[in-house]
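File shown: protein-v1.txt. Contents: compact mmCIF, C-alpha atoms and all ligand atoms.
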```txt
# COMPACT_ATOMS: atom_id res chain seq x y z
CA MET A 70 109.93 84.69 71.13
CA SER A 71 113.64 85.39 71.30
CA GLN A 72 115.92 82.34 71.56
CA ARG A 73 118.70 84.21 73.35
CA PRO A 74 119.86 82.70 76.67
CA ARG A 75 117.63 83.89 79.45
CA ALA A 76 117.37 84.06 83.21
CA ALA A 77 114.31 83.22 85.31
CA ILE A 78 112.90 84.08 88.72
CA ALA A 79 113.29 80.81 90.63
CA SER A 80 111.81 82.02 93.92
CA THR A 81 110.89 85.06 95.98
CA GLY A 82 110.82 86.08 99.65
CA ARG A 83 109.80 89.08 101.71
CA TYR A 84 110.10 90.58 105.13
CA SER A 85 107.97 93.22 106.82
CA PRO A 86 108.80 94.68 110.23
CA ALA A 87 106.13 93.89 112.83
CA ARG A 88 105.43 97.50 113.78
CA VAL A 89 102.39 98.94 111.95
CA MET A 90 102.01 102.72 111.81
CA THR A 91 98.52 103.89 110.86
CA ASN A 92 97.52 107.21 109.32
CA ALA A 93 95.84 108.06 112.62
CA GLU A 94 99.18 107.73 114.41
CA LEU A 95 100.84 109.95 111.81
CA SER A 96 98.23 112.62 112.41
CA GLU A 97 99.59 112.85 115.96
CA ILE A 98 103.11 113.57 114.61
CA VAL A 99 102.36 116.00 111.74
CA ASP A 100 99.38 118.09 110.61
CA THR A 101 97.62 115.49 108.46
CA SER A 102 94.64 113.14 108.47
CA ASP A 103 93.68 109.64 107.42
CA GLU A 104 91.26 111.23 104.96
CA TRP A 105 93.98 113.34 103.25
CA ILE A 106 96.51 110.54 103.07
CA TYR A 107 94.06 107.88 101.87
CA THR A 108 92.37 110.09 99.26
CA ARG A 109 95.64 111.41 97.80
CA THR A 110 97.70 108.22 97.97
CA GLY A 111 95.62 105.12 98.81
CA ILE A 112 97.82 104.46 101.87
CA ARG A 113 96.20 103.33 105.14
CA GLU A 114 99.25 102.13 107.04
CA ARG A 115 102.94 101.27 106.68
CA ARG A 116 105.52 99.15 108.52
CA ILE A 117 108.34 100.71 110.52
CA ALA A 118 111.58 98.87 111.34
CA ALA A 119 112.56 98.48 114.97
CA ASP A 120 115.33 100.58 116.49
CA GLY A 121 118.59 98.90 115.63
CA GLU A 122 117.01 96.89 112.81
CA GLY A 123 118.88 97.74 109.62
CA ALA A 124 118.62 97.27 105.89
CA ALA A 125 120.88 94.20 105.98
CA ASP A 126 118.83 92.60 108.78
CA MET A 127 115.62 92.96 106.78
CA ALA A 128 117.39 91.77 103.65
CA GLU A 129 118.59 88.65 105.47
CA ARG A 130 115.03 87.69 106.47
CA ALA A 131 113.71 88.13 102.92
CA SER A 132 116.72 86.36 101.40
CA ARG A 133 116.46 83.29 103.63
CA ARG A 134 112.84 82.84 102.53
CA ALA A 135 113.77 83.16 98.86
CA LEU A 136 116.67 80.70 99.24
CA ASP A 137 114.45 78.19 101.08
CA GLN A 138 111.82 78.45 98.35
CA ALA A 139 114.50 77.74 95.74
CA GLY A 140 115.88 74.80 97.71
CA LEU A 141 119.24 76.55 98.03
CA THR A 142 121.55 77.29 100.94
CA PRO A 143 123.59 80.48 101.31
CA SER A 144 126.72 78.67 100.15
CA ASP A 145 125.03 78.05 96.78
CA VAL A 146 124.82 81.80 96.07
CA ASP A 147 127.30 83.10 93.47
CA LEU A 148 126.34 86.77 93.52
CA ILE A 149 124.41 89.10 95.84
CA LEU A 150 122.97 92.28 94.32
CA VAL A 151 121.41 94.71 96.77
CA SER A 152 119.21 97.64 95.82
CA THR A 153 118.88 100.16 98.61
CA ALA A 154 118.47 103.89 99.09
CA THR A 155 119.07 103.35 102.80
CA PRO A 156 122.38 101.53 103.23
CA ASP A 157 123.21 100.74 106.84
CA ARG A 158 126.67 102.24 106.36
CA LEU A 159 128.17 104.17 103.48
CA LEU A 160 131.18 101.87 103.56
CA PRO A 161 131.17 98.92 102.98
CA SER A 162 128.11 97.97 100.98
CA THR A 163 124.93 96.57 102.51
CA ALA A 164 125.42 93.62 100.15
CA CYS A 165 128.66 92.72 101.99
CA ASP A 166 126.90 93.05 105.36
CA LEU A 167 124.12 90.82 104.05
CA GLN A 168 126.66 88.31 102.76
CA ALA A 169 128.18 88.07 106.25
CA LEU A 170 124.77 87.67 107.92
CA LEU A 171 123.80 84.92 105.50
CA GLY A 172 127.19 83.22 105.57
CA ALA A 173 127.13 83.24 101.76
CA ASN A 174 130.90 83.09 101.75
CA ASP A 175 131.37 81.94 98.16
CA ALA A 176 129.50 84.88 96.63
CA GLY A 177 130.48 88.24 95.20
CA ALA A 178 128.38 91.11 96.53
CA TYR A 179 127.64 94.71 95.63
CA ASP A 180 125.03 97.45 96.03
CA PHE A 181 123.48 99.51 93.29
CA ALA A 182 121.53 102.73 93.71
CA THR A 183 118.58 103.21 91.40
CA ALA A 184 116.05 104.03 94.14
CA CYS A 185 112.49 102.78 93.64
CA SER A 186 113.31 101.21 90.25
CA GLY A 187 115.97 99.05 91.90
CA PHE A 188 114.34 95.63 91.78
CA VAL A 189 113.48 95.92 88.09
CA TYR A 190 117.00 97.16 87.32
CA GLY A 191 118.29 94.30 89.48
CA LEU A 192 116.52 91.67 87.38
CA ALA A 193 118.24 92.99 84.28
CA ILE A 194 121.62 93.21 86.02
CA ALA A 195 121.27 89.63 87.30
CA GLU A 196 120.28 88.43 83.85
CA GLY A 197 123.38 90.10 82.41
CA HIS A 198 125.69 88.31 84.84
CA ILE A 199 123.95 84.97 84.25
CA VAL A 200 123.96 85.21 80.48
CA ALA A 201 127.62 86.29 80.52
CA GLY A 202 128.42 83.19 82.57
CA HIS A 203 129.61 85.07 85.68
CA ALA A 204 127.11 83.43 88.00
CA ARG A 205 124.34 80.81 88.19
CA ASN A 206 122.54 81.56 91.47
CA VAL A 207 122.04 85.29 91.86
CA LEU A 208 120.26 86.78 94.86
CA VAL A 209 118.58 90.10 94.02
CA VAL A 210 117.48 91.87 97.18
CA ALA A 211 115.74 95.22 97.67
CA THR A 212 115.79 96.47 101.24
CA GLU A 213 114.66 99.86 102.43
CA LYS A 214 114.49 101.48 105.85
CA MET A 215 112.84 104.65 104.58
CA SER A 216 111.86 105.62 108.14
CA ALA A 217 115.56 106.35 108.76
CA ILE A 218 115.85 108.97 105.99
CA VAL A 219 112.47 110.72 105.81
CA ASP A 220 111.98 114.02 107.57
CA TRP A 221 109.41 113.29 110.27
CA THR A 222 108.56 117.02 110.42
CA ASP A 223 107.66 117.18 106.69
CA ARG A 224 104.07 116.02 106.22
CA ALA A 225 104.40 116.06 102.44
CA THR A 226 106.90 113.18 102.48
CA CYS A 227 106.83 111.30 105.79
CA VAL A 228 103.29 110.01 105.22
CA LEU A 229 104.27 108.27 101.98
CA PHE A 230 106.99 105.79 102.90
CA GLY A 231 107.42 102.53 104.78
CA ASP A 232 110.07 99.89 105.53
CA GLY A 233 110.54 96.37 104.20
CA ALA A 234 112.57 94.01 102.07
CA GLY A 235 111.97 91.66 99.16
CA ALA A 236 114.27 89.14 97.49
CA ALA A 237 114.39 86.85 94.50
CA VAL A 238 116.69 84.07 93.36
CA ILE A 239 117.50 84.43 89.65
CA ARG A 240 118.87 81.42 87.76
CA PRO A 241 119.47 80.43 84.14
CA ALA A 242 116.16 79.70 82.41
CA ASP A 243 115.82 76.11 81.30
CA ASP A 244 112.39 76.31 79.68
CA GLU A 245 109.91 78.90 78.38
CA ARG A 246 109.93 80.73 81.69
CA GLY A 247 112.15 83.72 82.34
CA ILE A 248 112.74 87.41 81.81
CA LEU A 249 111.26 88.20 78.39
CA SER A 250 112.29 91.85 78.28
CA SER A 251 113.86 94.66 80.28
CA TYR A 252 113.83 98.42 79.82
CA MET A 253 115.89 100.84 81.92
CA LYS A 254 116.01 104.63 81.69
CA SER A 255 117.09 107.55 83.80
CA ASP A 256 117.32 111.35 83.65
CA GLY A 257 119.87 112.83 86.03
CA ARG A 258 118.82 116.36 85.09
CA LEU A 259 115.77 115.82 87.31
CA ALA A 260 117.76 114.57 90.32
CA ASP A 261 116.73 117.42 92.59
CA LEU A 262 113.03 116.53 92.42
CA LEU A 263 113.63 113.75 94.94
CA TYR A 264 116.92 113.70 96.81
CA ARG A 265 118.95 114.03 99.98
CA PRO A 266 120.92 117.27 99.46
CA SER A 267 123.86 116.64 101.77
CA GLY A 268 125.69 114.23 104.01
CA GLY A 269 127.61 112.63 101.15
CA ALA A 270 131.13 113.29 99.82
CA ARG A 271 130.46 116.75 98.34
CA THR A 272 128.91 118.11 101.54
CA PRO A 273 129.99 115.77 104.30
CA PHE A 274 127.75 115.36 107.28
CA ASP A 275 128.32 117.99 109.97
CA VAL A 276 126.41 120.16 112.41
CA ALA A 277 125.28 122.56 109.65
CA VAL A 278 123.86 119.68 107.61
CA LEU A 279 122.09 118.41 110.69
CA GLY A 280 120.64 121.87 111.41
CA GLU A 281 119.31 122.24 107.86
CA ARG A 282 118.04 118.66 107.89
CA GLY A 283 119.93 118.36 104.61
CA HIS A 284 120.59 114.65 105.12
CA LEU A 285 116.88 113.86 104.88
CA VAL A 286 114.62 113.28 101.85
CA LYS A 287 113.34 116.36 99.98
CA MET A 288 110.70 115.93 97.32
CA THR A 289 108.75 118.05 94.84
CA GLY A 290 105.65 115.86 94.94
CA ARG A 291 103.59 117.32 92.09
CA GLU A 292 106.46 117.18 89.57
CA ILE A 293 107.39 113.67 90.68
CA PHE A 294 103.78 112.61 90.21
CA LYS A 295 103.69 113.86 86.62
CA SER A 296 107.07 112.35 85.77
CA ALA A 297 106.05 109.06 87.39
CA VAL A 298 102.95 108.66 85.24
CA ARG A 299 104.77 109.68 82.05
CA SER A 300 107.76 107.42 82.59
CA MET A 301 105.88 104.38 83.90
CA CYS A 302 103.69 104.53 80.77
CA GLU A 303 106.77 104.82 78.53
CA ALA A 304 108.48 101.91 80.30
CA ALA A 305 105.40 99.68 80.14
CA ASP A 306 105.06 100.29 76.39
CA ALA A 307 108.75 99.63 75.75
CA ALA A 308 108.92 96.43 77.81
CA LEU A 309 105.79 95.01 76.17
CA GLN A 310 107.11 95.84 72.74
CA ARG A 311 110.55 94.33 73.44
CA ALA A 312 108.92 91.15 74.76
CA GLY A 313 106.60 90.91 71.77
CA VAL A 314 103.68 90.67 74.19
CA THR A 315 100.38 92.60 74.03
CA ALA A 316 98.63 94.13 77.04
CA ASP A 317 95.87 91.50 76.93
CA GLU A 318 98.49 88.74 77.21
CA ILE A 319 99.59 90.15 80.58
CA ASP A 320 98.13 88.11 83.44
CA LEU A 321 99.13 90.59 86.13
CA LEU A 322 100.63 94.06 86.39
CA VAL A 323 102.86 94.41 89.47
CA PRO A 324 103.68 98.13 89.60
CA HIS A 325 105.80 100.15 91.99
CA GLN A 326 103.57 101.01 94.93
CA ALA A 327 103.99 104.76 95.43
CA ASN A 328 100.47 106.09 95.04
CA ILE A 329 97.22 104.41 93.94
CA ARG A 330 96.55 107.30 91.54
CA ILE A 331 99.89 106.70 89.76
CA ILE A 332 99.12 102.97 89.59
CA GLU A 333 95.65 103.58 88.15
CA ALA A 334 96.95 106.04 85.56
CA THR A 335 99.64 103.56 84.45
CA ALA A 336 97.16 100.68 84.20
CA ARG A 337 94.70 102.83 82.25
CA TYR A 338 97.40 103.88 79.80
CA ALA A 339 98.72 100.33 79.40
CA ASP A 340 95.12 99.13 78.85
CA ILE A 341 95.27 96.67 81.74
CA PRO A 342 92.08 96.48 83.85
CA MET A 343 92.49 97.11 87.59
CA ASP A 344 91.43 93.54 88.41
CA LYS A 345 94.73 92.50 86.80
CA VAL A 346 96.77 94.96 88.87
CA TYR A 347 98.29 94.01 92.21
CA VAL A 348 97.99 96.71 94.87
CA ASN A 349 99.38 96.66 98.41
CA VAL A 350 100.22 100.36 98.82
CA ASP A 351 97.30 100.56 101.28
CA ARG A 352 99.14 98.22 103.71
CA PHE A 353 102.77 99.17 103.16
CA GLY A 354 103.02 102.67 101.67
CA ASN A 355 105.99 103.24 99.39
CA MET A 356 108.83 100.89 100.33
CA SER A 357 110.96 102.24 97.49
CA SER A 358 112.68 99.37 95.64
CA ALA A 359 111.29 96.77 98.08
CA SER A 360 107.74 97.47 96.90
CA ILE A 361 107.79 95.27 93.80
CA PRO A 362 109.52 92.18 95.24
CA VAL A 363 107.29 92.25 98.33
CA ALA A 364 104.25 92.49 96.03
CA LEU A 365 105.62 89.70 93.83
CA ASP A 366 106.10 87.39 96.79
CA GLU A 367 102.54 88.08 97.97
CA VAL A 368 101.24 87.44 94.46
CA ARG A 369 102.99 84.06 94.30
CA GLU A 370 101.91 83.10 97.82
CA GLN A 371 98.27 83.97 97.09
CA GLY A 372 98.38 82.09 93.78
CA LEU A 373 97.43 85.22 91.82
CA ALA A 374 100.25 84.37 89.42
CA GLY A 375 102.23 81.16 89.20
CA PRO A 376 104.33 79.11 86.80
CA GLY A 377 103.61 80.21 83.24
CA SER A 378 101.89 83.49 84.17
CA VAL A 379 103.13 86.54 82.27
CA ILE A 380 103.61 89.56 84.48
CA LEU A 381 104.61 93.14 83.80
CA MET A 382 106.60 95.03 86.44
CA VAL A 383 106.96 98.81 86.13
CA ALA A 384 108.78 101.15 88.46
CA PHE A 385 109.83 104.73 88.87
CA GLY A 386 111.96 106.61 91.38
CA ALA A 387 114.65 109.08 92.38
CA GLY A 388 117.39 109.73 89.88
CA LEU A 389 115.07 110.01 88.14
CA THR A 390 115.05 106.38 87.10
CA TRP A 391 112.37 104.22 85.55
CA ALA A 392 112.24 100.63 84.36
CA ALA A 393 109.96 97.80 83.31
CA SER A 394 110.24 94.09 82.77
CA VAL A 395 108.02 91.38 81.29
CA VAL A 396 108.58 88.01 82.94
CA ARG A 397 107.05 84.58 82.42
CA LEU A 398 107.01 83.15 85.95
O1 LIG A 401 108.66 106.53 94.45
C1 LIG A 401 108.44 107.86 94.09
C2 LIG A 401 108.23 108.63 95.34
N1 LIG A 401 107.41 109.79 95.28
C3 LIG A 401 106.13 109.83 94.88
O2 LIG A 401 105.58 108.88 94.40
C4 LIG A 401 105.40 111.11 95.07
C5 LIG A 401 104.51 111.46 93.92
N2 LIG A 401 103.60 112.55 94.31
C6 LIG A 401 102.46 112.30 94.99
O3 LIG A 401 102.13 111.16 95.28
C7 LIG A 401 101.60 113.48 95.32
O4 LIG A 401 102.11 114.64 94.70
C8 LIG A 401 101.49 113.72 96.84
C9 LIG A 401 100.67 112.61 97.47
C10 LIG A 401 102.85 113.76 97.49
C11 LIG A 401 100.78 115.03 97.13
O5 LIG A 401 99.51 115.05 96.50
P1 LIG A 401 99.08 116.31 95.64
O6 LIG A 401 97.69 116.06 95.22
O7 LIG A 401 100.11 116.50 94.55
O8 LIG A 401 99.10 117.47 96.71
P2 LIG A 401 100.00 118.81 96.76
O9 LIG A 401 101.43 118.50 96.97
O10 LIG A 401 99.65 119.67 95.58
O11 LIG A 401 99.43 119.49 98.06
C12 LIG A 401 98.05 119.88 98.18
C13 LIG A 401 97.84 120.45 99.56
C14 LIG A 401 98.86 121.52 99.93
O12 LIG A 401 98.19 122.50 100.68
P3 LIG A 401 97.73 123.89 99.96
O13 LIG A 401 98.98 124.50 99.43
O14 LIG A 401 96.76 123.46 98.88
O15 LIG A 401 97.08 124.63 101.08
C15 LIG A 401 99.80 120.79 100.85
O16 LIG A 401 100.43 121.64 101.80
O17 LIG A 401 97.96 119.43 100.54
C16 LIG A 401 98.86 119.84 101.57
N3 LIG A 401 99.51 118.67 102.11
C17 LIG A 401 98.97 117.93 103.10
N4 LIG A 401 97.85 118.07 103.80
C18 LIG A 401 97.58 117.15 104.74
C19 LIG A 401 100.70 118.09 101.72
N5 LIG A 401 100.92 116.99 102.46
C20 LIG A 401 99.89 116.87 103.32
C21 LIG A 401 99.54 115.94 104.32
N6 LIG A 401 98.39 116.11 104.99
N7 LIG A 401 100.32 114.87 104.60
```
Once more with this new file: its structure as structure tokens, please.
Amino acid sequence: MSQRPRAAIASTGRYSPARVMTNAELSEIVDTSDEWIYTRTGIRERRIAADGEGAADMAERASRRALDQAGLTPSDVDLILVSTATPDRLLPSTACDLQALLGANDAGAYDFATACSGFVYGLAIAEGHIVAGHARNVLVVATEKMSAIVDWTDRATCVLFGDGAGAAVIRPADDERGILSSYMKSDGRLADLLYRPSGGARTPFDVAVLGERGHLVKMTGREIFKSAVRSMCEAADAALQRAGVTADEIDLLVPHQANIRIIEATARYADIPMDKVYVNVDRFGNMSSASIPVALDEVREQGLAGPGSVILMVAFGAGLTWAASVVRL
């Protein structure tokens, strides 16, 4: 095992909006069915944020739980890193809005945009700041209000996503626990497989954008599916190899929750049986980067993994980006 300085996950927290939207309800909005959605994706229902409830609000709820679990107060936080594909405002960052809500006035704060891979990227980013000595208590938060950016007239995408937030406190590791490896990749040539075409600086939001629904998510599902399986398998291999850990030493795989078929294909490839794979896509759909930290918090709460357990996290998303991490909890 490497003796380099490391960072560890000290605690986790999550928040799910109260509103549950079932597949049956969706079938009243678009031409779909519970049978189609469940068979193709494994999703039964998802959570939808309330009107006026934003990414920073959800992030605050998840963050307060993670801070409580770590025995910290907001003023102990040195750095806030927020992963979101759904910032409340384009300026300033959601991280700064979260900082204000928390009253974490001694922290630095910034957003980063790696879509569904965000939490796994965030662990590596936090570790970098900790090992470099920039910060000791880093809050990594993934918060996604996907319901605000999906096209509710497009049945091929709107059935897949849900809202939620997950958080973790990352601190210097003082024993065997900690992040054992990280792997991050991306391929910007494939950006247009999953994207929001306009509404940013190149094509600012206007009436034409609104008419074309160009500010909403467009996705080429089949191609994304193939890329997801390929890249999640590559990332799992690389993270295991970098950690010097074999698949049978993994206590639990906590994958990005986009589609049960992608999860099963990744587990099969990584040679990890499904009884060692955590799945909650049935209850939450794809919460983009919030999927993994929400799953991780459930895992810890249910005692499925605890201090000393070795877990593998693997994610994939728009960018395209993909990432994996092996962590001893
Ligand atoms: O975090 C990454 C985010 N993105 C993803 O993870 C997406 C990855 N891709 C997928 O999960 C799958 O490609 C989907 C679940 C999106 C689609 O499953 P698929 O097996 O690849 O179906 P398809 O796109 O090839 O569509 C099959 C049929 C089409 O009809 P025709 O052309 O065969 O008549 C679609 O129009 O299913 C139709 N269809 C639907 N039918 C009922 C597409 N969406 C729906 C729907 N309900 N919601």
Quick one: pull the distance between CA of Gly377 in chain A and CA of Glu245 in chain A, Å, one decimal. 8.1 Å
So for ligand LIG 401 (chain A), what box centre and size do we get, axis-aligned, 5 Å extra on each of the six sides, every listed atom, Å to one decimal, as lines of an AutoDock Vina configuration file?
```
center_x = 102.7
center_y = 115.6
center_z = 99.5
size_x = 21.9
size_y = 28.1
size_z = 21.1
```
As a list in words, please: the residues near Arg311 in chain A (cut-off 9 Å, all atoms listed in the file, same-chain neighbours under 6 positions excluded).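 Counting all atoms listed in the file, the residues come to Leu249, Ser250, Ser251, Tyr252 and Val395 of chain A.
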Find, counting all atoms listed in the file, the residue in A:Ala79, A:Ile341, A:Ala131, A:Ala304 that gets nearest to Asn206 in chain A. A:Ala79
Got a sec: who's within 12 Å of Val99 in chain A, counting all atoms listed in the file, leaving out chain neighbours fewer than 6 positions off, as an MDAnalysis selection string? chainID A and resid 92:93 106 220:228
Between A:Gln371, A:Gln138, A:Ser255, A:Ser85, which is the closest to Ser186 in chain A once you count all atoms listed in the file?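 That would be A:Ser255, the residue with the smallest distance to Ser186 in chain A.
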With N, CA, C and O atoms as the target, complete range 159-177 of chain A and hand it back as a PDB file, in the frame of the given file.
```
ATOM      1  N   LEU A 159     127.774 103.758 104.831  1.00  0.00           N
ATOM      2  CA  LEU A 159     128.170 104.170 103.480  1.00  0.00           C
ATOM      3  C   LEU A 159     129.357 103.340 102.999  1.00  0.00           C
ATOM      4  O   LEU A 159     129.647 103.278 101.815  1.00  0.00           O
ATOM      5  N   LEU A 160     130.065 102.747 103.899  1.00  0.00           N
ATOM      6  CA  LEU A 160     131.180 101.870 103.560  1.00  0.00           C
ATOM      7  C   LEU A 160     131.269 100.801 104.630  1.00  0.00           C
ATOM      8  O   LEU A 160     131.317 101.154 105.816  1.00  0.00           O
ATOM      9  N   PRO A 161     131.281  99.512 104.315  1.00  0.00           N
ATOM     10  CA  PRO A 161     131.170  98.920 102.980  1.00  0.00           C
ATOM     11  C   PRO A 161     129.703  98.837 102.546  1.00  0.00           C
ATOM     12  O   PRO A 161     128.823  99.416 103.198  1.00  0.00           O
ATOM     13  N   SER A 162     129.455  98.075 101.511  1.00  0.00           N
ATOM     14  CA  SER A 162     128.110  97.970 100.980  1.00  0.00           C
ATOM     15  C   SER A 162     127.205  97.148 101.900  1.00  0.00           C
ATOM     16  O   SER A 162     127.673  96.298 102.665  1.00  0.00           O
ATOM     17  N   THR A 163     125.900  97.395 101.780  1.00  0.00           N
ATOM     18  CA  THR A 163     124.930  96.570 102.510  1.00  0.00           C
ATOM     19  C   THR A 163     124.978  95.143 101.995  1.00  0.00           C
ATOM     20  O   THR A 163     124.735  94.182 102.738  1.00  0.00           O
ATOM     21  N   ALA A 164     125.327  94.977 100.713  1.00  0.00           N
ATOM     22  CA  ALA A 164     125.420  93.620 100.150  1.00  0.00           C
ATOM     23  C   ALA A 164     126.483  92.810 100.895  1.00  0.00           C
ATOM     24  O   ALA A 164     126.294  91.617 101.151  1.00  0.00           O
ATOM     25  N   CYS A 165     127.617  93.442 101.245  1.00  0.00           N
ATOM     26  CA  CYS A 165     128.660  92.720 101.990  1.00  0.00           C
ATOM     27  C   CYS A 165     128.183  92.396 103.411  1.00  0.00           C
ATOM     28  O   CYS A 165     128.457  91.306 103.931  1.00  0.00           O
ATOM     29  N   ASP A 166     127.454  93.345 104.033  1.00  0.00           N
ATOM     30  CA  ASP A 166     126.900  93.050 105.360  1.00  0.00           C
ATOM     31  C   ASP A 166     125.898  91.903 105.281  1.00  0.00           C
ATOM     32  O   ASP A 166     125.871  91.028 106.151  1.00  0.00           O
ATOM     33  N   LEU A 167     125.085  91.914 104.232  1.00  0.00           N
ATOM     34  CA  LEU A 167     124.120  90.820 104.050  1.00  0.00           C
ATOM     35  C   LEU A 167     124.844  89.490 103.828  1.00  0.00           C
ATOM     36  O   LEU A 167     124.462  88.459 104.389  1.00  0.00           O
ATOM     37  N   GLN A 168     125.879  89.540 103.018  1.00  0.00           N
ATOM     38  CA  GLN A 168     126.660  88.310 102.760  1.00  0.00           C
ATOM     39  C   GLN A 168     127.137  87.697 104.076  1.00  0.00           C
ATOM     40  O   GLN A 168     127.028  86.486 104.292  1.00  0.00           O
ATOM     41  N   ALA A 169     127.660  88.564 104.965  1.00  0.00           N
ATOM     42  CA  ALA A 169     128.180  88.070 106.250  1.00  0.00           C
ATOM     43  C   ALA A 169     127.046  87.491 107.106  1.00  0.00           C
ATOM     44  O   ALA A 169     127.202  86.438 107.725  1.00  0.00           O
ATOM     45  N   LEU A 170     125.897  88.179 107.124  1.00  0.00           N
ATOM     46  CA  LEU A 170     124.770  87.670 107.920  1.00  0.00           C
ATOM     47  C   LEU A 170     124.290  86.323 107.417  1.00  0.00           C
ATOM     48  O   LEU A 170     123.936  85.434 108.193  1.00  0.00           O
ATOM     49  N   LEU A 171     124.267  86.174 106.085  1.00  0.00           N
ATOM     50  CA  LEU A 171     123.800  84.920 105.500  1.00  0.00           C
ATOM     51  C   LEU A 171     124.852  83.815 105.624  1.00  0.00           C
ATOM     52  O   LEU A 171     124.523  82.639 105.615  1.00  0.00           O
ATOM     53  N   GLY A 172     126.122  84.209 105.684  1.00  0.00           N
ATOM     54  CA  GLY A 172     127.190  83.220 105.570  1.00  0.00           C
ATOM     55  C   GLY A 172     127.308  82.714 104.145  1.00  0.00           C
ATOM     56  O   GLY A 172     127.650  81.552 103.909  1.00  0.00           O
ATOM     57  N   ALA A 173     127.036  83.600 103.191  1.00  0.00           N
ATOM     58  CA  ALA A 173     127.130  83.240 101.760  1.00  0.00           C
ATOM     59  C   ALA A 173     128.555  83.512 101.296  1.00  0.00           C
ATOM     60  O   ALA A 173     128.822  84.385 100.467  1.00  0.00           O
ATOM     61  N   ASN A 174     129.486  82.716 101.841  1.00  0.00           N
ATOM     62  CA  ASN A 174     130.900  83.090 101.750  1.00  0.00           C
ATOM     63  C   ASN A 174     131.540  82.851 100.392  1.00  0.00           C
ATOM     64  O   ASN A 174     132.675  83.259 100.166  1.00  0.00           O
ATOM     65  N   ASP A 175     130.800  82.184  99.488  1.00  0.00           N
ATOM     66  CA  ASP A 175     131.370  81.940  98.160  1.00  0.00           C
ATOM     67  C   ASP A 175     130.871  82.940  97.127  1.00  0.00           C
ATOM     68  O   ASP A 175     131.133  82.781  95.931  1.00  0.00           O
ATOM     69  N   ALA A 176     130.125  83.944  97.580  1.00  0.00           N
ATOM     70  CA  ALA A 176     129.500  84.880  96.630  1.00  0.00           C
ATOM     71  C   ALA A 176     130.313  86.159  96.470  1.00  0.00           C
ATOM     72  O   ALA A 176     131.081  86.542  97.352  1.00  0.00           O
ATOM     73  N   GLY A 177     130.118  86.836  95.336  1.00  0.00           N
ATOM     74  CA  GLY A 177     130.480  88.240  95.200  1.00  0.00           C
ATOM     75  C   GLY A 177     129.290  89.064  95.648  1.00  0.00           C
ATOM     76  O   GLY A 177     128.166  88.546  95.672  1.00  0.00           O
TER      77      GLY A 177
END
```
